[in-house]
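target.cif follows; it contains mmCIF, C-alpha atoms and all ligand atoms.
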```
data_query
#
loop_
_atom_site.label_atom_id
_atom_site.label_comp_id
_atom_site.auth_asym_id
_atom_site.auth_seq_id
_atom_site.Cartn_x
_atom_site.Cartn_y
_atom_site.Cartn_z
CA MET A 1413 4.39 57.73 -90.32
CA ALA A 1414 2.29 54.70 -89.35
CA GLY A 1415 4.11 52.30 -87.03
CA GLU A 1416 7.13 54.57 -86.79
CA HIS A 1417 7.50 53.93 -83.05
CA ARG A 1418 7.33 50.63 -81.24
CA LEU A 1419 5.31 51.44 -78.16
CA LEU A 1420 3.38 54.11 -76.26
CA LEU A 1421 2.72 53.59 -72.56
CA HIS A 1422 0.00 56.08 -71.96
CA ASN A 1423 -1.59 57.95 -69.06
CA ALA A 1424 0.22 56.38 -66.12
CA GLN A 1425 -0.97 57.74 -62.79
CA GLN A 1426 2.67 58.03 -61.74
CA LEU A 1427 5.88 57.55 -63.69
CA VAL A 1428 9.07 57.31 -61.67
CA LEU A 1429 11.95 58.66 -63.70
CA ILE A 1430 14.34 57.93 -60.77
CA CYS A 1431 16.73 60.70 -61.79
CA THR A 1432 17.16 63.29 -64.51
CA LYS A 1433 19.88 65.24 -66.26
CA GLY A 1434 21.95 62.18 -67.06
CA GLU A 1435 23.13 61.52 -63.48
CA LYS A 1436 25.08 58.24 -63.27
CA TYR A 1437 24.12 57.54 -59.63
CA LEU A 1438 22.25 59.12 -56.75
CA LEU A 1439 23.64 60.05 -53.37
CA GLN A 1440 21.42 60.26 -50.29
CA ALA A 1441 19.69 63.59 -51.06
CA GLY A 1442 18.85 62.57 -54.63
CA MET A 1443 17.67 59.17 -53.46
CA GLN A 1444 15.24 60.75 -51.02
CA ASN A 1445 13.74 62.99 -53.68
CA LEU A 1446 13.18 60.82 -56.73
CA ALA A 1447 11.92 62.50 -59.88
CA VAL A 1448 8.26 61.47 -60.31
CA LEU A 1449 5.76 62.62 -62.95
CA ASP A 1450 2.00 62.42 -62.44
CA ASN A 1451 -0.26 61.55 -65.38
CA ALA A 1452 2.60 60.69 -67.69
CA SER A 1453 3.44 58.77 -70.86
CA VAL A 1454 6.55 57.24 -72.36
CA VAL A 1455 7.42 56.47 -75.98
CA ILE A 1456 9.73 53.58 -76.94
CA GLY A 1457 11.36 53.77 -80.37
CA LYS A 1458 12.06 51.00 -82.87
CA ASP A 1459 15.54 50.56 -81.35
CA GLY A 1460 14.01 49.67 -77.97
CA CYS A 1461 15.19 52.91 -76.37
CA VAL A 1462 13.20 55.68 -74.71
CA LYS A 1463 12.28 58.25 -77.35
CA ALA A 1464 10.22 60.64 -75.24
CA VAL A 1465 8.87 60.83 -71.73
CA GLY A 1466 6.66 63.49 -70.21
CA HIS A 1467 3.18 64.58 -69.24
CA ALA A 1468 0.50 62.65 -71.13
CA ASP A 1469 -0.94 65.80 -72.76
CA ALA A 1470 2.43 66.89 -74.08
CA ILE A 1471 3.15 63.44 -75.54
CA ARG A 1472 -0.32 63.35 -77.10
CA ARG A 1473 0.35 66.69 -78.81
CA GLN A 1474 3.78 65.58 -80.02
CA PHE A 1475 2.95 62.11 -81.44
CA SER A 1476 -0.02 60.87 -83.46
CA GLU A 1477 -1.59 57.62 -82.24
CA ALA A 1478 -1.11 56.08 -85.68
CA SER A 1479 2.66 56.35 -85.34
CA PHE A 1480 2.74 53.54 -82.73
CA GLU A 1481 2.86 49.80 -83.37
CA LYS A 1482 1.30 49.27 -79.97
CA ILE A 1483 -0.35 51.40 -77.27
CA ILE A 1484 -0.80 50.29 -73.66
CA ASP A 1485 -3.23 52.25 -71.52
CA CYS A 1486 -1.63 52.64 -68.07
CA SER A 1487 -4.50 54.52 -66.39
CA GLY A 1488 -4.46 53.94 -62.64
CA LYS A 1489 -1.08 52.22 -62.88
CA CYS A 1490 2.55 53.22 -62.30
CA ILE A 1491 5.57 52.94 -64.56
CA LEU A 1492 9.05 52.42 -63.14
CA PRO A 1493 12.41 51.58 -64.65
CA GLY A 1494 13.13 47.86 -64.65
CA LEU A 1495 14.83 46.76 -61.43
CA VAL A 1496 18.54 46.00 -61.45
CA ASP A 1497 19.98 43.15 -59.37
CA ALA A 1498 23.65 43.94 -58.79
CA HIS A 1499 24.78 40.59 -57.30
CA THR A 1500 23.69 37.03 -58.05
CA HIS A 1501 25.12 33.49 -58.24
CA PRO A 1502 22.44 31.96 -60.48
CA VAL A 1503 24.23 29.09 -62.30
CA TRP A 1504 24.58 25.93 -60.23
CA ALA A 1505 23.38 22.40 -59.62
CA GLY A 1506 22.45 20.62 -56.39
CA ASP A 1507 20.59 22.21 -53.48
CA ARG A 1508 21.65 22.95 -49.94
CA VAL A 1509 18.40 22.62 -48.06
CA HIS A 1510 20.12 20.21 -45.64
CA GLU A 1511 22.44 23.07 -44.63
CA PHE A 1512 19.50 25.20 -43.59
CA ALA A 1513 18.77 22.64 -40.89
CA MET A 1514 22.43 22.75 -39.81
CA LYS A 1515 22.29 26.55 -39.57
CA LEU A 1516 19.08 26.46 -37.57
CA ALA A 1517 20.85 24.07 -35.19
CA GLY A 1518 23.61 26.66 -34.67
CA ALA A 1519 26.29 26.03 -37.33
CA SER A 1520 27.76 29.18 -38.88
CA TYR A 1521 28.35 29.73 -42.62
CA MET A 1522 32.09 29.23 -42.10
CA ASP A 1523 31.63 26.09 -39.92
CA ILE A 1524 29.85 24.47 -42.85
CA HIS A 1525 32.35 25.80 -45.41
CA GLN A 1526 35.35 24.57 -43.44
CA ALA A 1527 33.77 21.14 -43.04
CA GLY A 1528 33.71 20.85 -46.85
CA GLY A 1529 30.08 21.92 -47.39
CA GLY A 1530 28.68 25.26 -48.54
CA ILE A 1531 30.32 26.48 -51.74
CA HIS A 1532 32.33 23.19 -51.93
CA PHE A 1533 29.10 21.18 -52.05
CA THR A 1534 27.74 23.31 -54.89
CA VAL A 1535 31.07 23.12 -56.76
CA GLU A 1536 30.99 19.31 -56.65
CA HIS A 1537 27.49 19.23 -58.19
CA THR A 1538 28.15 22.01 -60.70
CA GLN A 1539 31.32 20.34 -61.96
CA LYS A 1540 29.32 17.19 -62.71
CA ALA A 1541 26.34 18.94 -64.35
CA SER A 1542 26.02 19.25 -68.12
CA GLU A 1543 25.95 22.64 -69.81
CA GLU A 1544 22.37 21.95 -70.90
CA GLU A 1545 21.21 21.13 -67.38
CA LEU A 1546 22.87 24.29 -66.03
CA PHE A 1547 21.31 26.41 -68.77
CA ASN A 1548 17.81 25.05 -68.15
CA THR A 1549 17.80 25.77 -64.42
CA PHE A 1550 19.48 29.15 -64.97
CA ARG A 1551 16.88 30.08 -67.59
CA HIS A 1552 14.08 29.25 -65.18
CA ARG A 1553 15.71 31.40 -62.47
CA LEU A 1554 16.16 34.36 -64.81
CA LEU A 1555 12.49 34.15 -65.82
CA ARG A 1556 11.45 34.17 -62.16
CA MET A 1557 13.63 37.24 -61.64
CA LEU A 1558 12.15 38.95 -64.70
CA ARG A 1559 8.66 38.24 -63.40
CA ALA A 1560 9.63 39.99 -60.16
CA GLY A 1561 10.73 43.05 -62.18
CA THR A 1562 14.47 42.50 -62.66
CA THR A 1563 15.51 43.52 -66.17
CA LEU A 1564 19.30 43.80 -65.67
CA VAL A 1565 21.09 41.23 -63.56
CA GLU A 1566 24.70 40.58 -62.63
CA CYS A 1567 25.51 36.86 -62.96
CA LYS A 1568 28.62 35.26 -61.47
CA SER A 1569 30.50 32.09 -62.24
CA GLY A 1570 32.34 30.69 -59.21
CA TYR A 1571 30.99 27.18 -58.65
CA GLY A 1572 33.55 25.66 -61.00
CA LEU A 1573 36.87 26.82 -59.54
CA ASN A 1574 38.73 24.73 -62.12
CA LEU A 1575 39.15 26.38 -65.53
CA GLU A 1576 36.96 23.87 -67.36
CA THR A 1577 33.90 24.37 -65.16
CA GLU A 1578 34.36 28.13 -64.81
CA LEU A 1579 34.31 28.36 -68.61
CA LYS A 1580 31.27 26.08 -68.74
CA MET A 1581 29.43 28.49 -66.41
CA LEU A 1582 30.53 31.55 -68.38
CA ARG A 1583 29.32 29.92 -71.61
CA VAL A 1584 25.95 29.23 -70.00
CA ILE A 1585 25.73 32.90 -68.98
CA GLU A 1586 26.70 33.92 -72.52
CA GLN A 1587 24.00 31.69 -74.00
CA ALA A 1588 21.40 33.35 -71.78
CA ARG A 1589 22.72 36.78 -72.74
CA GLN A 1590 22.08 35.95 -76.37
CA LEU A 1591 18.81 34.03 -76.13
CA LEU A 1592 16.79 35.55 -73.29
CA ASP A 1593 15.17 38.91 -72.66
CA SER A 1594 17.08 39.74 -69.47
CA ASN A 1595 20.08 42.04 -69.72
CA ILE A 1596 23.12 40.45 -68.14
CA SER A 1597 26.41 41.65 -66.67
CA SER A 1598 28.73 38.66 -66.56
CA THR A 1599 31.26 38.15 -63.76
CA TYR A 1600 34.19 35.77 -63.55
CA CYS A 1601 34.33 34.60 -59.91
CA GLY A 1602 36.93 31.81 -60.11
CA ALA A 1603 38.23 33.00 -56.72
CA HIS A 1604 34.97 32.23 -54.95
CA SER A 1605 36.63 29.57 -52.82
CA VAL A 1606 39.99 27.80 -52.56
CA PRO A 1607 39.57 24.48 -54.40
CA LYS A 1608 40.15 21.29 -52.41
CA GLY A 1609 43.78 20.14 -52.72
CA LYS A 1610 45.21 23.65 -53.23
CA ASN A 1611 46.15 26.49 -50.91
CA ALA A 1612 45.12 30.10 -51.56
CA THR A 1613 48.48 31.08 -53.10
CA GLU A 1614 48.42 28.10 -55.49
CA ALA A 1615 44.84 28.91 -56.46
CA THR A 1616 45.78 32.57 -57.01
CA ASP A 1617 48.71 31.56 -59.25
CA ASP A 1618 46.45 29.22 -61.24
CA ILE A 1619 43.87 31.99 -61.78
CA ILE A 1620 46.48 34.55 -62.85
CA ASN A 1621 48.57 32.22 -65.02
CA ASN A 1622 45.90 29.99 -66.56
CA HIS A 1623 42.34 31.29 -66.12
CA LEU A 1624 42.76 34.97 -66.93
CA PRO A 1625 44.80 34.53 -70.16
CA LYS A 1626 42.10 32.15 -71.44
CA LEU A 1627 39.35 34.60 -70.51
CA LYS A 1628 41.20 37.36 -72.29
CA GLU A 1629 41.45 35.25 -75.43
CA LEU A 1630 37.75 34.25 -75.39
CA ASN A 1631 36.63 37.81 -74.65
CA LEU A 1632 38.71 39.11 -77.53
CA ASN A 1633 37.39 36.62 -80.06
CA GLY A 1634 33.82 37.29 -78.88
CA GLU A 1635 33.03 33.73 -77.69
CA ILE A 1636 32.03 35.13 -74.31
CA HIS A 1637 31.58 38.63 -72.90
CA VAL A 1638 32.83 38.80 -69.34
CA ASN A 1639 32.47 42.22 -67.73
CA ASN A 1640 33.63 41.92 -64.11
CA ILE A 1641 36.16 40.14 -61.90
CA ASP A 1642 35.23 38.97 -58.42
CA VAL A 1643 37.05 37.44 -55.42
CA PHE A 1644 35.67 36.24 -52.07
CA CYS A 1645 38.04 38.27 -49.86
CA GLU A 1646 37.54 36.62 -46.47
CA LYS A 1647 39.45 35.06 -43.59
CA GLY A 1648 40.05 31.40 -44.53
CA VAL A 1649 39.34 32.06 -48.22
CA PHE A 1650 41.40 34.68 -50.15
CA ASP A 1651 43.37 37.12 -47.97
CA LEU A 1652 44.01 40.73 -48.90
CA ASN A 1653 47.25 39.99 -50.71
CA CYS A 1654 45.82 37.21 -52.92
CA THR A 1655 42.74 39.36 -53.54
CA ARG A 1656 44.89 42.29 -54.63
CA ARG A 1657 46.90 40.12 -57.04
CA ILE A 1658 43.79 38.59 -58.68
CA LEU A 1659 41.86 41.85 -58.98
CA GLN A 1660 44.87 43.69 -60.38
CA ALA A 1661 45.43 40.95 -62.98
CA GLY A 1662 41.75 41.05 -63.92
CA LYS A 1663 41.87 44.80 -64.31
CA GLU A 1664 44.87 44.42 -66.61
CA ILE A 1665 42.80 42.31 -69.01
CA GLY A 1666 40.05 44.93 -69.03
CA LEU A 1667 37.59 43.61 -66.42
CA GLN A 1668 35.78 45.88 -63.95
CA ILE A 1669 36.54 45.09 -60.33
CA ASN A 1670 33.43 44.06 -58.38
CA PHE A 1671 34.10 41.75 -55.43
CA HIS A 1672 32.94 40.24 -52.10
CA GLY A 1673 34.51 42.06 -49.17
CA ASP A 1674 34.34 42.68 -45.42
CA GLU A 1675 31.45 40.23 -45.01
CA LEU A 1676 32.24 37.99 -42.04
CA HIS A 1677 35.45 39.64 -40.79
CA PRO A 1678 36.93 43.12 -41.21
CA MET A 1679 39.48 42.58 -44.01
CA LYS A 1680 40.17 46.15 -45.23
CA SER A 1681 38.52 45.06 -48.49
CA ALA A 1682 36.84 48.46 -48.89
CA GLU A 1683 40.17 50.26 -48.62
CA LEU A 1684 41.70 47.86 -51.17
CA GLY A 1685 38.82 48.25 -53.60
CA ALA A 1686 38.98 52.04 -53.41
CA GLU A 1687 42.73 51.93 -54.05
CA LEU A 1688 42.37 49.63 -57.08
CA GLY A 1689 39.53 51.66 -58.62
CA ALA A 1690 36.85 49.00 -58.04
CA GLN A 1691 33.48 49.75 -59.57
CA ALA A 1692 31.73 48.05 -56.63
CA ILE A 1693 32.21 45.94 -53.51
CA SER A 1694 29.49 43.70 -52.09
CA HIS A 1695 28.42 42.73 -48.54
CA LEU A 1696 30.48 45.10 -46.31
CA GLU A 1697 28.82 44.10 -43.04
CA GLU A 1698 32.25 44.50 -41.36
CA ILE A 1699 33.48 47.62 -43.17
CA SER A 1700 35.67 50.08 -41.21
CA ASP A 1701 35.09 53.83 -40.91
CA GLU A 1702 38.18 54.36 -43.09
CA GLY A 1703 36.74 51.96 -45.67
CA ILE A 1704 33.49 53.94 -45.82
CA ALA A 1705 35.41 57.19 -46.39
CA ALA A 1706 37.64 55.58 -49.03
CA MET A 1707 34.66 54.16 -50.96
CA ALA A 1708 32.88 57.52 -50.87
CA SER A 1709 35.81 59.41 -52.32
CA ALA A 1710 36.62 56.70 -54.90
CA LYS A 1711 32.96 56.60 -56.09
CA CYS A 1712 33.03 52.85 -55.55
CA ALA A 1713 29.48 51.51 -55.13
CA ALA A 1714 28.53 49.50 -52.03
CA VAL A 1715 26.28 46.59 -53.05
CA LEU A 1716 24.35 45.70 -49.90
CA LEU A 1717 22.73 42.27 -49.67
CA PRO A 1718 19.99 42.17 -47.04
CA THR A 1719 18.99 38.56 -47.76
CA THR A 1720 22.43 37.28 -46.70
CA ALA A 1721 22.58 39.28 -43.50
CA TYR A 1722 19.09 37.93 -42.73
CA MET A 1723 19.82 34.28 -43.61
CA LEU A 1724 23.16 34.14 -41.82
CA ARG A 1725 22.04 36.33 -38.93
CA LEU A 1726 24.95 38.68 -39.56
CA LYS A 1727 25.12 42.20 -38.27
CA GLN A 1728 23.33 44.49 -40.72
CA PRO A 1729 25.46 46.55 -43.13
CA GLN A 1730 25.59 50.18 -41.96
CA ALA A 1731 23.45 51.57 -44.76
CA ARG A 1732 22.55 54.78 -42.92
CA LYS A 1733 26.14 55.61 -42.14
CA MET A 1734 27.26 54.86 -45.71
CA LEU A 1735 24.51 57.09 -47.10
CA LYS A 1736 25.41 59.89 -44.71
CA GLU A 1737 29.09 59.67 -45.66
CA GLY A 1738 28.33 59.92 -49.39
CA VAL A 1739 28.76 56.28 -50.50
CA ILE A 1740 26.84 55.19 -53.64
CA VAL A 1741 24.58 52.53 -52.11
CA ALA A 1742 23.14 49.78 -54.35
CA LEU A 1743 21.23 46.55 -53.65
CA GLY A 1744 21.47 42.97 -54.85
CA SER A 1745 19.59 39.74 -54.11
CA ASP A 1746 22.74 37.59 -53.74
CA PHE A 1747 20.58 34.80 -55.19
CA ASN A 1748 22.56 31.59 -54.46
CA PRO A 1749 21.86 28.18 -52.88
CA ASN A 1750 22.27 29.81 -49.46
CA ALA A 1751 20.10 32.90 -50.07
CA TYR A 1752 17.31 31.72 -52.31
CA CYS A 1753 15.64 34.98 -53.27
CA TYR A 1754 14.67 35.97 -56.82
CA SER A 1755 12.81 39.10 -55.83
CA MET A 1756 14.29 42.59 -55.74
CA PRO A 1757 11.02 43.90 -54.21
CA MET A 1758 11.68 41.51 -51.30
CA VAL A 1759 15.28 42.76 -51.12
CA MET A 1760 14.07 46.38 -51.07
CA HIS A 1761 11.58 45.49 -48.36
CA LEU A 1762 14.32 43.94 -46.19
CA ALA A 1763 16.58 46.94 -46.85
CA CYS A 1764 13.86 49.20 -45.46
CA VAL A 1765 12.97 47.10 -42.43
CA ASN A 1766 16.40 45.76 -41.43
CA MET A 1767 18.82 48.36 -42.81
CA LYS A 1768 16.56 51.35 -42.17
CA MET A 1769 16.63 52.68 -45.71
CA SER A 1770 13.68 54.79 -46.85
CA MET A 1771 11.43 53.44 -49.61
CA ASN A 1772 12.80 55.95 -52.13
CA GLU A 1773 16.38 55.13 -51.15
CA ALA A 1774 15.69 51.42 -51.64
CA LEU A 1775 14.19 52.06 -55.06
CA ALA A 1776 17.13 54.20 -56.20
CA ALA A 1777 19.53 51.56 -54.82
CA ALA A 1778 17.72 48.86 -56.84
CA THR A 1779 17.72 50.86 -60.09
CA ILE A 1780 20.18 53.63 -60.98
CA ASN A 1781 22.76 52.82 -58.30
CA ALA A 1782 22.70 49.08 -59.00
CA ALA A 1783 23.18 49.91 -62.69
CA TYR A 1784 26.12 52.14 -61.71
CA ALA A 1785 27.64 49.23 -59.71
CA LEU A 1786 27.70 47.31 -63.01
CA GLY A 1787 29.06 50.25 -65.03
CA ARG A 1788 25.77 50.32 -66.96
CA SER A 1789 23.97 53.41 -65.66
CA HIS A 1790 24.45 55.26 -68.95
CA MET A 1791 21.85 52.85 -70.48
CA HIS A 1792 19.90 51.40 -67.54
CA GLY A 1793 18.38 52.30 -64.18
CA SER A 1794 16.22 55.32 -65.02
CA ILE A 1795 13.65 56.44 -67.59
CA GLU A 1796 15.44 58.98 -69.75
CA ASN A 1797 15.65 59.72 -73.45
CA GLY A 1798 18.15 57.45 -75.18
CA LYS A 1799 18.30 54.83 -72.40
CA GLN A 1800 17.10 51.28 -72.92
CA GLY A 1801 13.32 51.03 -72.55
CA ASP A 1802 13.27 48.44 -69.77
CA LEU A 1803 10.16 49.37 -67.88
CA ILE A 1804 7.82 47.80 -65.39
CA ILE A 1805 4.13 48.62 -65.07
CA ILE A 1806 2.68 47.99 -61.65
CA ASN A 1807 -0.98 47.62 -61.00
CA SER A 1808 -1.08 50.25 -58.29
CA SER A 1809 -1.78 53.96 -58.28
CA ARG A 1810 1.14 54.80 -55.96
CA TYR A 1811 4.54 53.56 -56.94
CA VAL A 1812 5.82 52.46 -53.56
CA LEU A 1813 2.71 50.64 -52.52
CA LYS A 1814 2.85 47.41 -54.41
CA LEU A 1815 6.63 47.15 -54.66
CA LEU A 1816 7.44 47.49 -51.01
CA PHE A 1817 4.46 46.45 -48.97
CA LYS A 1818 3.17 43.56 -51.00
CA THR A 1819 6.29 41.55 -51.61
O1 LIG B 1901 27.73 36.25 -51.55
N1 LIG B 1901 30.07 34.92 -49.66
C1 LIG B 1901 30.33 34.30 -50.69
N2 LIG B 1901 29.50 33.98 -51.68
C2 LIG B 1901 28.08 33.95 -51.63
C3 LIG B 1901 27.55 32.67 -51.08
C4 LIG B 1901 27.77 31.58 -52.00
C5 LIG B 1901 27.36 30.25 -51.46
O2 LIG B 1901 27.28 30.05 -50.24
O3 LIG B 1901 27.12 29.37 -52.28
C6 LIG B 1901 27.49 35.18 -51.00
O4 LIG B 1901 26.77 35.13 -50.01
FE FE B 1902 27.74 36.60 -53.35
#
```
Now that the file is in, can you turn its structure into structure tokens?
Ligand code: NIG
Ligand code: FE
Amino acid sequence: MAGEHRLLLHNAQQLVLICTKGEKYLLQAGMQNLAVLDNASVVIGKDGCVKAVGHADAIRRQFSEASFEKIIDCSGKCILPGLVDAHTHPVWAGDRVHEFAMKLAGASYMDIHQAGGGIHFTVEHTQKASEEELFNTFRHRLLRMLRAGTTLVECKSGYGLNLETELKMLRVIEQARQLLDSNISSTYCGAHSVPKGKNATEATDDIINNHLPKLKELNLNGEIHVNNIDVFCEKGVFDLNCTRRILQAGKEIGLQINFHGDELHPMKSAELGAELGAQAISHLEEISDEGIAAMASAKCAAVLLPTTAYMLRLKQPQARKMLKEGVIVALGSDFNPNAYCYSMPMVMHLACVNMKMSMNEALAAATINAAYALGRSHMHGSIENGKQGDLIIINSSRYVLKLLFKT
């Protein structure tokens, strides 16, 4: 039937499926040997999902050209699944360029935070900003990410801290989810920092008694769609006990656990996350050997953030050891006022150079495994029949070339 299918991407020199047979994530061996087709085509149906993928000749035999609304000739080019960014803080006002100078002069991230800057500075500006202003800058950031190949992105609140501003941020994320082309996984991160004038226990009580019941109500009536709960589990921020209480309460209202842990100090965050059934934990520069083992057996994804380790001159996360021990390794940009990077290709590049991941491992970590970290790998992260047709076409005849060497 004429125009029965939305799109045919034809004759790609290489098409990187990432994985096959419905796998939800890839461990080291699968990451090293990604499924790649030469001279391939992919068909996208009217519903926006992949209808068929295979060798160009086979697709040509199966479908008549007239059945497509649109055909794109991909000769000499490569097709990959859209990239997935598993960790960002993209809604905020104010900039922190002045802090870069302080860091270059020797101040640490925590020195600045404890002096009332860092997250506190961004909170002050975000609280004052209008919803419209936040949406406009957020929209621009999402478009920049999309242009760099990111089609599914995790977006956190966390620069409000008070209920009113946290909800304002979550509404802005919801608006983008409805109006823009990017796919979004929305995260409530009200425990990103202890608000001025409260201690960590008071802030924890406020989140559990006031924030989470409101989120539950708004999620149920469909005003917002929050998917994950996050806490900054760190010395001088939320300790292990407060973190446990908040994550547990979030889980009870149906949110996936996905939090910041073991970044600047060893906190036993990995062990806690594994125990609570976390979907993912981010950072993990200071993870213990026991934490690595616990995450591997709990199938809890490690979201590694090479931009942060680079910017803050932290020790690099032990990607090689995690891969060897069977942890599901994913990547995220950590886009925030402190790590201003929109580009997952740049993140993959840093993961290769600084964390010693192979190019195929970095690509799997930025697609299927990042989708797994968001609980979305049944629909995103690889090119397979029935999954969402989020694809990128790169103007290069070898799939790694442009993505990783020309950031
Ligand atoms: O993941 N570590 C905590 N949160 C962010 C930084 C947020 C900020 O400094 O504004 C991170 O790096
Ligand atoms: Fe972060």
Within 8 Å of ligand LIG 1901 (chain B), counting only C-alpha atoms and all ligand atoms, residues as an MDAnalysis selection string
chainID A and resid 1499:1501 1521 1530:1531 1534 1571 1604 1644 1672 1675 1694:1695 1720 1746 1748:1751
Calculated over all atoms listed in the file, which of the candidates A:Glu1664, A:Asp1618, A:Glu1697, A:Glu1702 has the smallest distance to A:Leu1717?
A:Glu1697
For A:Pro1729, please output as a PyMOL selection string all residues within 12 Å (counting only C-alpha atoms; exclusion window: fewer than 6 positions along the same chain).
chain A and resi 1673-1676+1694-1700+1704+1714-1722+1735+1741-1743+1762-1763+1766-1769
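Distance annotation: of A:Leu1684, A:Ile1471, A:Val1448, A:Met1413, the residue with the minimal separation from A:Ile1430 is A:Val1448; atom set is all atoms listed in the file.
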Tell me, as a list in words, which residues lie within 12 Å of A:His1525, counting only C-alpha atoms; anything in the same chain fewer than 4 positions away does not count.
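The residues satisfying every condition are Arg1508, Glu1511, Met1514, Lys1515, Ala1519, Ser1520, Tyr1521, Gly1529, Gly1530, Ile1531, His1532, Phe1533, Thr1534, Val1535, His1604, Ser1605, Val1606, Pro1607, Lys1608, Lys1647, Gly1648, Val1649 and Asn1750 of chain A.
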Taking all atoms listed in the file into account, name the residue in A:Glu1796, A:Asp1497, A:Glu1544, A:Asp1651 that is nearest to ligand FE 1902 (chain B).
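Among the listed residues, A:Asp1497 lies closest to ligand FE 1902 (chain B).
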So how far away is atom CA of A:Lys1436 from atom CA of A:Asp1642, in Å?
22.3 Å
For each of A:Asn1611, A:His1637, A:Leu1726, A:Leu1555, take the minimum atom-to-atom distance to A:Glu1586, counting all atoms listed in the file, then give the residue where this is smallest.
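When distances to A:Glu1586 are compared using all atoms listed in the file, the smallest one comes from A:His1637.
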Given the choices A:Leu1591, A:Val1565, A:Val1465, A:Val1643, which gets closest to ligand FE 1902 (chain B) if the distance is worked out from all atoms listed in the file?
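Checking each of A:Leu1591, A:Val1565, A:Val1465, A:Val1643 against ligand FE 1902 (chain B), counting all atoms listed in the file, the winner is A:Val1643.
With all atoms listed in the file as the atoms that count, the residue of A:Leu1627, A:Leu1564, A:Ala1424, A:Leu1786 with the shortest distance to A:Asn1595 is A:Leu1564.
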Find the residues near A:Ile1619: any atom within 10 Å, counting only C-alpha atoms, skip ones fewer than 4 places away on the same chain, and give them as a PyMOL selection string.
chain A and resi 1573-1575+1602-1603+1613-1615+1623-1626+1657-1658+1661-1662
Just how far from atom CA of A:Ile1693 is atom CA of A:Phe1671, in Å to one decimal?
5.0 Å
Give me the residues near A:Val1454 as a compact mmCIF listing (two decimals) with C-alpha atoms, keeping the file's coordinate frame, where near means some atom within 10 Å (using only C-alpha atoms) and where sequence neighbours in that chain fewer than 2 positions away do not count.
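Once everything was written out, this is selection02.txt:
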```txt
# COMPACT_ATOMS: atom_id res chain seq x y z
CA LEU A 1419 5.31 51.44 -78.16
CA LEU A 1420 3.38 54.11 -76.26
CA LEU A 1421 2.72 53.59 -72.56
CA HIS A 1422 0.00 56.08 -71.96
CA ASN A 1423 -1.59 57.95 -69.06
CA ALA A 1424 0.22 56.38 -66.12
CA LEU A 1427 5.88 57.55 -63.69
CA ALA A 1452 2.60 60.69 -67.69
CA ILE A 1456 9.73 53.58 -76.94
CA GLY A 1457 11.36 53.77 -80.37
CA VAL A 1462 13.20 55.68 -74.71
CA LYS A 1463 12.28 58.25 -77.35
CA ALA A 1464 10.22 60.64 -75.24
CA VAL A 1465 8.87 60.83 -71.73
CA GLY A 1466 6.66 63.49 -70.21
CA HIS A 1467 3.18 64.58 -69.24
CA ALA A 1468 0.50 62.65 -71.13
CA ILE A 1471 3.15 63.44 -75.54
CA ILE A 1491 5.57 52.94 -64.56
CA ILE A 1795 13.65 56.44 -67.59
CA GLU A 1796 15.44 58.98 -69.75
CA ASN A 1797 15.65 59.72 -73.45
CA GLY A 1801 13.32 51.03 -72.55
CA LEU A 1803 10.16 49.37 -67.88
```
I'd like a table as a tab-separated table: residues in stretch 1516-1572 of chain A with an atom no more than 12 Å from stretch 1804-1814 of chain A, each row giving the shortest atom pair and its distance in Å to one decimal, all atoms listed in the file counted, sorted by chain and rising residue number.
```
residue	atom	partner	partner_atom	distance
A:Leu1558	CA	A:Ile1804	CA	9.9
A:Arg1559	CA	A:Ile1804	CA	9.8
A:Ala1560	CA	A:Ile1804	CA	9.6
A:Gly1561	CA	A:Ile1804	CA	6.4
A:Thr1562	CA	A:Ile1804	CA	8.9
A:Thr1563	CA	A:Ile1804	CA	8.8
```
Considering all atoms listed in the file, return as a list in words whatever protein or nucleic-acid residues lie within 10 Å of A:Val1739, sequence-local ones (same chain, fewer than 4 positions apart) excluded.
Leu1438, Leu1439, Gln1440, Ile1704, Ala1705, Ala1706, Met1707, Ala1708, Ser1709, Ala1710, Lys1711, Cys1712, Ala1713, Ala1714, Ala1731, Arg1732, Lys1733, Met1734 and Leu1735 of chain A
To one decimal in Å, tell me the separation between atom CA of A:Cys1486 and atom CA of A:Leu1592.
25.7 Å
